[in-house]
Each structure stands twice: as C-alpha cells, then as structure tokens.
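Enquirer: What follows is a single structure, and I will ask about it in a moment.
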Amino acid sequence: MKIIVPMAGRGSRLRPHSLTVPKPLIPVAGQPIVHRLVKDIAKVLKQPIEEIAFVLGDPAFFGNDVVESLTELAEGLNAKASIYRQDQPLGTGHAIMSAEPSLSGPAVIAYADTLIRAEFDLDPEADSVIWTKRVANPEAYGVVKLNENEEIVELVEKPETFVSDQAVIGIYYFKDVAVLKEKLQEVLDENVMNGGEYQINDGIKRMMAEGKVFKTGTVDEWMDCGNKNVTLETNAKMLNFLKADNEEQLVHESVVLENSNIIEPCFIGEGTILRNTSVGPHVSIGKGCVIEDSSVKNSLIQNQTTIKNANLDEAMIGNYVKYNGSFTKISIGDYSVLE
C-alpha cells in the first residue's frame, strides 16, 4: 500500500501562520497536521505502508527542513519517503500526476489540510473508495450520488437540490492507482480544465464512465484545518480524543509549573515553563515556551514563545513570539513582538 499526499499549496486562509511554515506542518495537539493525518490513515488501512509520496511546492518554501520532517514521518511507519515537486499550482489532478513514478498498485491519496477519526474496512469489491462524512448542510460541499447498490455514480459540487448528505473529504483509495494515472494523463493531454486547473474529479469521472466500482468509506470525524477558528476547534477535538485514547503523553515530563495549574486536556511541550498561570482546557503549547502571569484557554501556541500578562481565549500564536498584553482572540505569526 502507498499513500500519496499532495501538499504544495501555501495555505492562504491560515495566514499569518502559513507565511513561514507550510500549513500541513502547523502543529495540532502537538504534532504537525500532516503527521497526524498520515498516521491516522495508516491505522484505518490496517496493513503495511511501503511508500509515502509527498508532493511539495516551491523549494524556497518547502525546504530541506520540510523534507527531513516528512522523511522522518515515513520512516517512522517503516515506509519509503518519496519527494516530488509540483512546479505550478495547476490543481489537484496536476499535483497527483507530479508523483507519476509512484502511481502504481493500491494507494490512498489524501490532501493534507484535514484530520479524521475513522474505523472501517476497505470494500474488497470496490475499484475505489471515496471517504465521506455525513453533513447537515450538503449544499455547501461536494457530495457523492449513490445508486441502489450503494455505489457512487456521480460527484456533485454544492448541489442546489438534495443529492445525498455524504460530503467528499479529500481522501481516496484506489485498488490500482495506475488506472487513475491513465485517466488523469488523458485529462492533461486533452487540456480539460475546471476553474483553470486540472482536477482529480475529471479522472474519477472517466473511471466511472468505464464501469469502475466506487464505494464510500464514512469517517466518524472530519476536522478541518483551513483557517484559524476551525483549526482551534480541531485542536480541541483532537485533545479530547487523545485524552480518551490515553496513548500519548500530552504534558512532557520536563514541563515546569510554578504556582500554576493545567486544566485538561492540554498538550504542553518539552521545556515549557508556566509561572503564575492557568492553562486549559483545550490548549496546545509547543516546546521551550515561557508563560507568566497569564490565563490561556482554547488556544494554540507554537514553539519558543514568551507570553506575559495575557488573558487568552481562542488565540493562535506562532513560533518565537514575544507577547505582553491583554487582547484575547489574537492570531500572531512567527517572530512577532508585541510588548
């Protein structure tokens, strides 16, 4: 089994945090988004992963540190890491085809701006499985249309009339991804574009037209990381799951508490110091931070940041920030100083 992860975009909706760090590498509950996504997919698949192929963008932004992080992720799952570059932002289909040498055999394709919780078995009769989540407002999503055999026969984008309540979340399984590669090559050769881009859906529709069987795999939780507010919601949900699972140490043993308290669930990284401070619930703090005379809840703070005299709620703060103030719902990128 292979996992193909297109992650070339820079994540403009999560600025300022994605100006210096690629969005898939922004940590949620103590781990980068893409790390959690790939590990959760591996759990669902319940089979060895031989290769994880990452499609990155501009090397000036997705540099050696990103490559090292992703290689470490793959090797931690006993898989080979393959790194590809998408030279132009020409859509989902184009991104997948940028990993053309890895497009053979069974594979999962997953876009790295979402997190899931799921438990299901892949249907052995299906040529492909499109992972979906039941939603209350399907008109806001791309959804699947099913026939009487519960097979996907159409993909409908933001339907004005009810088609189904199963939204496509951006994770796909192919029994042989080489079939998708063949169809996407046709899309590229024929210059079939939607919205000025080559889309994975155009390759999938050609597979459906040839009678390939598509089924759904429904996830229990689909957590977006598209902007600040939903990323904070995802951080809170993930912390709740991790506390219930009791599989990860959420507060590092080196954390120093001086007249401070932690209201669970929280993630607090190595070497962080809390002085006269209340943290939690639903707070993630990276390593090497110092927080003094403050209250922090429902927030995400990255590494090596100093915060004083703050009352933070629904705040997102980057790396190497110095902050001393009384605002609450803030969003501050890396290397900022507010004193």
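By convention in this document, the chains of the structure tokens carry letters A, B, ... by their order, each chain's residues are numbered from 1, and ligands are numbered from 1 in the order they are shown.
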Within 12 Å of A:Ile52, counting only C-alpha atoms, which residues qualify if same-chain residues fewer than 2 places away don't, as a short mmCIF file (atom, residue, chain, number, x, y, z; two decimals) with N, CA, C and O atoms, in the first residue's frame?
Expert:
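To be explicit, this is the file written out as result_5.cif:
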data_model
loop_
_atom_site.label_atom_id
_atom_site.label_comp_id
_atom_site.auth_asym_id
_atom_site.auth_seq_id
_atom_site.Cartn_x
_atom_site.Cartn_y
_atom_site.Cartn_z
N MET A 1 0.84 -1.20 0.00
CA MET A 1 0.00 0.00 0.00
C MET A 1 0.88 1.25 0.00
O MET A 1 1.90 1.31 0.68
N LYS A 2 0.44 2.24 -0.77
CA LYS A 2 1.12 3.53 -0.82
C LYS A 2 0.17 4.63 -0.34
O LYS A 2 -1.06 4.48 -0.41
N ILE A 3 0.74 5.71 0.13
CA ILE A 3 -0.04 6.91 0.45
C ILE A 3 0.56 8.06 -0.35
O ILE A 3 1.78 8.28 -0.31
N ILE A 4 -0.28 8.76 -1.09
CA ILE A 4 0.14 9.91 -1.89
C ILE A 4 -0.43 11.15 -1.23
O ILE A 4 -1.65 11.25 -1.03
N VAL A 5 0.44 12.12 -0.89
CA VAL A 5 0.00 13.29 -0.13
C VAL A 5 0.35 14.57 -0.88
O VAL A 5 1.48 15.07 -0.77
N PRO A 6 -0.57 15.14 -1.67
CA PRO A 6 -0.32 16.45 -2.28
C PRO A 6 -0.40 17.54 -1.21
O PRO A 6 -1.38 17.63 -0.47
N VAL A 34 -0.03 17.11 8.95
CA VAL A 34 0.20 16.02 8.01
C VAL A 34 0.68 14.76 8.73
O VAL A 34 0.36 13.63 8.33
N HIS A 35 1.44 14.91 9.81
CA HIS A 35 1.88 13.74 10.58
C HIS A 35 0.68 13.01 11.17
O HIS A 35 0.58 11.77 11.07
N VAL A 38 -1.47 11.25 8.27
CA VAL A 38 -0.87 10.04 7.70
C VAL A 38 -0.92 8.89 8.70
O VAL A 38 -1.24 7.74 8.35
N LYS A 39 -0.64 9.18 9.96
CA LYS A 39 -0.69 8.12 10.98
C LYS A 39 -2.10 7.59 11.15
O LYS A 39 -2.30 6.38 11.31
N ILE A 41 -4.50 7.57 8.86
CA ILE A 41 -4.81 6.77 7.68
C ILE A 41 -4.19 5.39 7.78
O ILE A 41 -4.82 4.37 7.48
N ALA A 42 -2.94 5.34 8.23
CA ALA A 42 -2.27 4.05 8.40
C ALA A 42 -3.04 3.15 9.37
O ALA A 42 -3.14 1.93 9.16
N PRO A 48 0.59 -2.93 6.02
CA PRO A 48 1.87 -2.23 5.91
C PRO A 48 1.86 -1.17 4.81
O PRO A 48 1.27 -1.37 3.75
N ILE A 49 2.51 -0.06 5.09
CA ILE A 49 2.68 1.02 4.11
C ILE A 49 4.09 0.91 3.55
O ILE A 49 5.07 1.00 4.29
N GLU A 50 4.21 0.72 2.24
CA GLU A 50 5.53 0.55 1.64
C GLU A 50 6.15 1.87 1.22
O GLU A 50 7.38 2.01 1.21
N PHE A 54 5.17 12.43 -1.12
CA PHE A 54 4.73 13.79 -0.79
C PHE A 54 4.97 14.69 -2.00
O PHE A 54 6.06 14.70 -2.57
N VAL A 55 3.95 15.46 -2.36
CA VAL A 55 4.07 16.41 -3.47
C VAL A 55 4.17 17.81 -2.88
O VAL A 55 3.21 18.33 -2.30
N LEU A 70 9.20 15.14 6.75
CA LEU A 70 8.36 14.16 6.07
C LEU A 70 9.06 12.82 5.92
O LEU A 70 8.43 11.76 6.01
N THR A 71 10.36 12.86 5.71
CA THR A 71 11.13 11.60 5.65
C THR A 71 11.08 10.88 6.99
O THR A 71 10.89 9.66 7.04
N GLU A 72 11.21 11.63 8.06
CA GLU A 72 11.11 11.05 9.40
C GLU A 72 9.73 10.45 9.62
O GLU A 72 9.60 9.36 10.21
N LEU A 73 8.69 11.12 9.16
CA LEU A 73 7.33 10.61 9.29
C LEU A 73 7.19 9.27 8.58
O LEU A 73 6.65 8.30 9.15
N ALA A 74 7.64 9.20 7.33
CA ALA A 74 7.51 7.96 6.56
C ALA A 74 8.32 6.83 7.19
O ALA A 74 7.82 5.70 7.35
N GLU A 75 9.55 7.12 7.57
CA GLU A 75 10.40 6.08 8.14
C GLU A 75 9.85 5.59 9.47
O GLU A 75 10.03 4.42 9.82
N GLY A 76 9.14 6.46 10.20
CA GLY A 76 8.52 6.04 11.45
C GLY A 76 7.41 5.02 11.24
O GLY A 76 7.04 4.29 12.17
N LEU A 77 6.89 4.96 10.00
CA LEU A 77 5.87 3.97 9.63
C LEU A 77 6.48 2.85 8.79
O LEU A 77 5.76 2.09 8.14
N ASN A 78 7.83 2.75 8.83
CA ASN A 78 8.56 1.71 8.08
C ASN A 78 8.28 1.79 6.58
O ASN A 78 8.19 0.76 5.89
N ALA A 79 8.14 3.00 6.08
CA ALA A 79 7.85 3.21 4.66
C ALA A 79 8.95 4.04 4.02
O ALA A 79 9.66 4.81 4.69
N LYS A 80 9.08 3.91 2.72
CA LYS A 80 9.98 4.75 1.93
C LYS A 80 9.35 6.12 1.73
O LYS A 80 8.15 6.22 1.45
N ALA A 81 10.13 7.17 1.88
CA ALA A 81 9.65 8.52 1.59
C ALA A 81 10.08 8.92 0.18
O ALA A 81 11.25 8.82 -0.16
N SER A 82 9.11 9.35 -0.63
CA SER A 82 9.41 9.88 -1.96
C SER A 82 8.96 11.33 -2.00
O SER A 82 7.84 11.65 -1.59
N ILE A 83 9.82 12.19 -2.49
CA ILE A 83 9.54 13.63 -2.52
C ILE A 83 9.44 14.09 -3.97
O ILE A 83 10.36 13.86 -4.77
N TYR A 84 8.31 14.71 -4.30
CA TYR A 84 8.10 15.25 -5.64
C TYR A 84 7.79 16.74 -5.53
O TYR A 84 7.40 17.23 -4.47
N ALA A 99 3.52 13.16 -8.98
CA ALA A 99 4.09 11.97 -8.33
C ALA A 99 3.97 10.76 -9.25
O ALA A 99 3.90 9.62 -8.77
N SER A 102 5.32 7.12 -8.73
CA SER A 102 4.79 6.34 -7.60
C SER A 102 3.36 5.88 -7.81
O SER A 102 2.79 5.21 -6.94
N LEU A 103 2.77 6.20 -8.96
CA LEU A 103 1.35 5.91 -9.18
C LEU A 103 1.15 4.52 -9.76
O LEU A 103 0.84 4.34 -10.95
N ALA A 107 -3.28 2.33 -3.50
CA ALA A 107 -2.81 3.60 -2.92
C ALA A 107 -3.96 4.40 -2.36
O ALA A 107 -5.09 4.31 -2.83
N VAL A 108 -3.63 5.18 -1.34
CA VAL A 108 -4.54 6.19 -0.81
C VAL A 108 -4.00 7.55 -1.17
O VAL A 108 -2.79 7.81 -1.02
N ILE A 109 -4.85 8.42 -1.67
CA ILE A 109 -4.50 9.82 -1.94
C ILE A 109 -5.20 10.67 -0.89
O ILE A 109 -6.42 10.55 -0.70
N ALA A 110 -4.44 11.52 -0.21
CA ALA A 110 -5.01 12.32 0.89
C ALA A 110 -4.46 13.73 0.84
O ALA A 110 -3.24 13.92 0.80
#
Enquirer: Skipping near chain neighbours, those fewer than 2 positions away, what residues fall within 7 Å of A:Pro265 using only C-alpha atoms, listed as an mmCIF file with N, CA, C and O atoms, in the first residue's frame?
Expert:
data_model
loop_
_atom_site.group_PDB
_atom_site.id
_atom_site.type_symbol
_atom_site.label_atom_id
_atom_site.label_comp_id
_atom_site.auth_asym_id
_atom_site.auth_seq_id
_atom_site.Cartn_x
_atom_site.Cartn_y
_atom_site.Cartn_z
ATOM 1 N N LEU A 239 -7.469 16.981 21.116
ATOM 2 C CA LEU A 239 -7.042 16.820 22.506
ATOM 3 C C LEU A 239 -8.024 15.933 23.271
ATOM 4 O O LEU A 239 -7.603 15.085 24.080
ATOM 5 N N ASN A 240 -9.312 16.106 23.031
ATOM 6 C CA ASN A 240 -10.307 15.242 23.683
ATOM 7 C C ASN A 240 -10.111 13.785 23.282
ATOM 8 O O ASN A 240 -10.161 12.880 24.130
ATOM 9 N N LYS A 243 -6.857 12.347 24.895
ATOM 10 C CA LYS A 243 -7.027 12.077 26.324
ATOM 11 C C LYS A 243 -7.828 10.794 26.537
ATOM 12 O O LYS A 243 -7.493 9.965 27.381
ATOM 13 N N ILE A 263 -5.586 22.665 33.270
ATOM 14 C CA ILE A 263 -6.940 22.114 33.193
ATOM 15 C C ILE A 263 -7.010 21.257 31.931
ATOM 16 O O ILE A 263 -6.943 21.763 30.816
ATOM 17 N N GLY A 280 -5.607 25.924 30.017
ATOM 18 C CA GLY A 280 -6.608 24.932 29.695
ATOM 19 C C GLY A 280 -8.012 25.395 30.027
ATOM 20 O O GLY A 280 -8.208 26.423 30.682
ATOM 21 N N PRO A 281 -8.987 24.623 29.534
ATOM 22 C CA PRO A 281 -8.793 23.415 28.741
ATOM 23 C C PRO A 281 -8.523 23.733 27.274
ATOM 24 O O PRO A 281 -8.595 24.877 26.854
ATOM 25 N N HIS A 282 -8.185 22.670 26.535
ATOM 26 C CA HIS A 282 -8.042 22.715 25.076
ATOM 27 C C HIS A 282 -6.968 23.701 24.629
ATOM 28 O O HIS A 282 -7.195 24.549 23.765
#
Enquirer: Which neighbours of stretch 172-182 of chain A fall inside 8 Å, counting only C-alpha atoms, when residues of the same chain fewer than 2 positions from it are skipped, and could you give them as a ChimeraX atom specification?
Expert: /A:97,100,103-110,126-131,170,184-186,203-204,207
Enquirer: Take the residues just selected and output them with N, CA, C and O atoms as a short mmCIF file (atom, residue, chain, number, x, y, z; two decimals), in the first residue's frame.
Expert:
data_model
loop_
_atom_site.label_atom_id
_atom_site.label_comp_id
_atom_site.auth_asym_id
_atom_site.auth_seq_id
_atom_site.Cartn_x
_atom_site.Cartn_y
_atom_site.Cartn_z
N MET A 97 -0.38 13.93 -10.53
CA MET A 97 0.47 13.50 -11.65
C MET A 97 1.92 13.92 -11.47
O MET A 97 2.81 13.38 -12.12
N GLU A 100 3.98 10.96 -10.56
CA GLU A 100 3.72 9.91 -11.54
C GLU A 100 4.54 8.64 -11.32
O GLU A 100 4.00 7.53 -11.43
N LEU A 103 2.77 6.20 -8.96
CA LEU A 103 1.35 5.91 -9.18
C LEU A 103 1.15 4.52 -9.76
O LEU A 103 0.84 4.34 -10.95
N SER A 104 1.30 3.52 -8.92
CA SER A 104 1.05 2.13 -9.32
C SER A 104 0.64 1.33 -8.09
O SER A 104 1.04 1.65 -6.96
N GLY A 105 -0.20 0.33 -8.30
CA GLY A 105 -0.63 -0.53 -7.21
C GLY A 105 -1.65 0.14 -6.31
O GLY A 105 -2.14 1.24 -6.59
N PRO A 106 -2.01 -0.52 -5.22
CA PRO A 106 -3.00 0.06 -4.29
C PRO A 106 -2.45 1.30 -3.59
O PRO A 106 -1.29 1.32 -3.16
N ALA A 107 -3.28 2.33 -3.50
CA ALA A 107 -2.81 3.60 -2.92
C ALA A 107 -3.96 4.40 -2.36
O ALA A 107 -5.09 4.31 -2.83
N VAL A 108 -3.63 5.18 -1.34
CA VAL A 108 -4.54 6.19 -0.81
C VAL A 108 -4.00 7.55 -1.17
O VAL A 108 -2.79 7.81 -1.02
N ILE A 109 -4.85 8.42 -1.67
CA ILE A 109 -4.50 9.82 -1.94
C ILE A 109 -5.20 10.67 -0.89
O ILE A 109 -6.42 10.55 -0.70
N ALA A 110 -4.44 11.52 -0.21
CA ALA A 110 -5.01 12.32 0.89
C ALA A 110 -4.46 13.73 0.84
O ALA A 110 -3.24 13.92 0.80
N ALA A 126 -14.59 -3.09 -4.36
CA ALA A 126 -14.53 -1.74 -4.95
C ALA A 126 -13.21 -1.51 -5.68
O ALA A 126 -12.14 -1.93 -5.23
N ASP A 127 -13.31 -0.85 -6.83
CA ASP A 127 -12.10 -0.39 -7.51
C ASP A 127 -11.54 0.85 -6.82
O ASP A 127 -10.34 1.14 -6.91
N SER A 128 -12.43 1.59 -6.15
CA SER A 128 -12.02 2.80 -5.43
C SER A 128 -12.98 3.05 -4.29
O SER A 128 -14.15 2.67 -4.35
N VAL A 129 -12.47 3.66 -3.24
CA VAL A 129 -13.28 4.10 -2.11
C VAL A 129 -13.06 5.59 -1.93
O VAL A 129 -11.91 6.05 -1.84
N ILE A 130 -14.14 6.35 -1.91
CA ILE A 130 -14.06 7.79 -1.63
C ILE A 130 -14.54 8.00 -0.20
O ILE A 130 -15.67 7.63 0.14
N TRP A 131 -13.69 8.56 0.62
CA TRP A 131 -14.04 8.75 2.03
C TRP A 131 -14.95 9.96 2.17
O TRP A 131 -14.68 11.03 1.61
N GLY A 170 -11.77 14.52 0.69
CA GLY A 170 -10.45 14.68 0.10
C GLY A 170 -9.49 13.54 0.39
O GLY A 170 -8.27 13.72 0.34
N LEU A 184 -6.03 10.58 -15.67
CA LEU A 184 -5.54 11.95 -15.47
C LEU A 184 -4.58 12.36 -16.59
O LEU A 184 -4.54 13.54 -16.96
N GLN A 185 -3.85 11.42 -17.13
CA GLN A 185 -2.98 11.75 -18.27
C GLN A 185 -3.82 12.16 -19.46
O GLN A 185 -3.46 13.10 -20.20
N GLU A 186 -4.97 11.49 -19.65
CA GLU A 186 -5.89 11.91 -20.71
C GLU A 186 -6.38 13.33 -20.47
O GLU A 186 -6.48 14.15 -21.40
N GLY A 203 -10.59 12.85 -13.66
CA GLY A 203 -10.06 11.50 -13.82
C GLY A 203 -11.00 10.46 -13.24
O GLY A 203 -11.23 9.40 -13.84
N ILE A 204 -11.58 10.76 -12.07
CA ILE A 204 -12.52 9.83 -11.44
C ILE A 204 -13.76 9.63 -12.30
O ILE A 204 -14.25 8.50 -12.46
N MET A 207 -13.13 7.16 -14.94
CA MET A 207 -13.13 5.80 -14.40
C MET A 207 -14.56 5.29 -14.23
O MET A 207 -14.87 4.14 -14.57
#
Enquirer: Within 6 Å of A:Thr272, counting only C-alpha atoms, which residues qualify if same-chain residues fewer than 6 places away don't, as a short mmCIF file (atom, residue, chain, number, x, y, z; two decimals) with N, CA and C atoms, in the first residue's frame?
Expert:
data_model
loop_
_atom_site.label_atom_id
_atom_site.label_comp_id
_atom_site.auth_asym_id
_atom_site.auth_seq_id
_atom_site.Cartn_x
_atom_site.Cartn_y
_atom_site.Cartn_z
N VAL A 255 8.12 19.75 31.79
CA VAL A 255 7.37 21.00 31.98
C VAL A 255 7.50 21.46 33.43
N LYS A 287 7.27 23.44 22.46
CA LYS A 287 8.42 23.29 23.35
C LYS A 287 9.11 24.64 23.59
N GLY A 288 9.74 24.74 24.75
CA GLY A 288 10.57 25.90 25.06
C GLY A 288 9.85 27.20 25.26
N CYS A 289 8.57 27.15 25.60
CA CYS A 289 7.81 28.39 25.82
C CYS A 289 7.89 28.82 27.29
N VAL A 290 7.68 30.10 27.52
CA VAL A 290 7.58 30.65 28.87
C VAL A 290 6.29 31.47 28.94
#
Enquirer: Hey, what's within 12 Å of A:Ile262 if we count only C-alpha atoms and toss same-chain stuff fewer than 3 positions away? As a PyMOL selection string, please?
Expert: chain A and resi 250-251+255-259+265-268+273-285+295-297
Enquirer: Could you state the separation of atom CA of A:Cys225 and atom CA of A:Leu115 in Å, given to one decimal place?
Expert: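 Atom CA of A:Leu115 lies at a distance of 7.7 Å from atom CA of A:Cys225.
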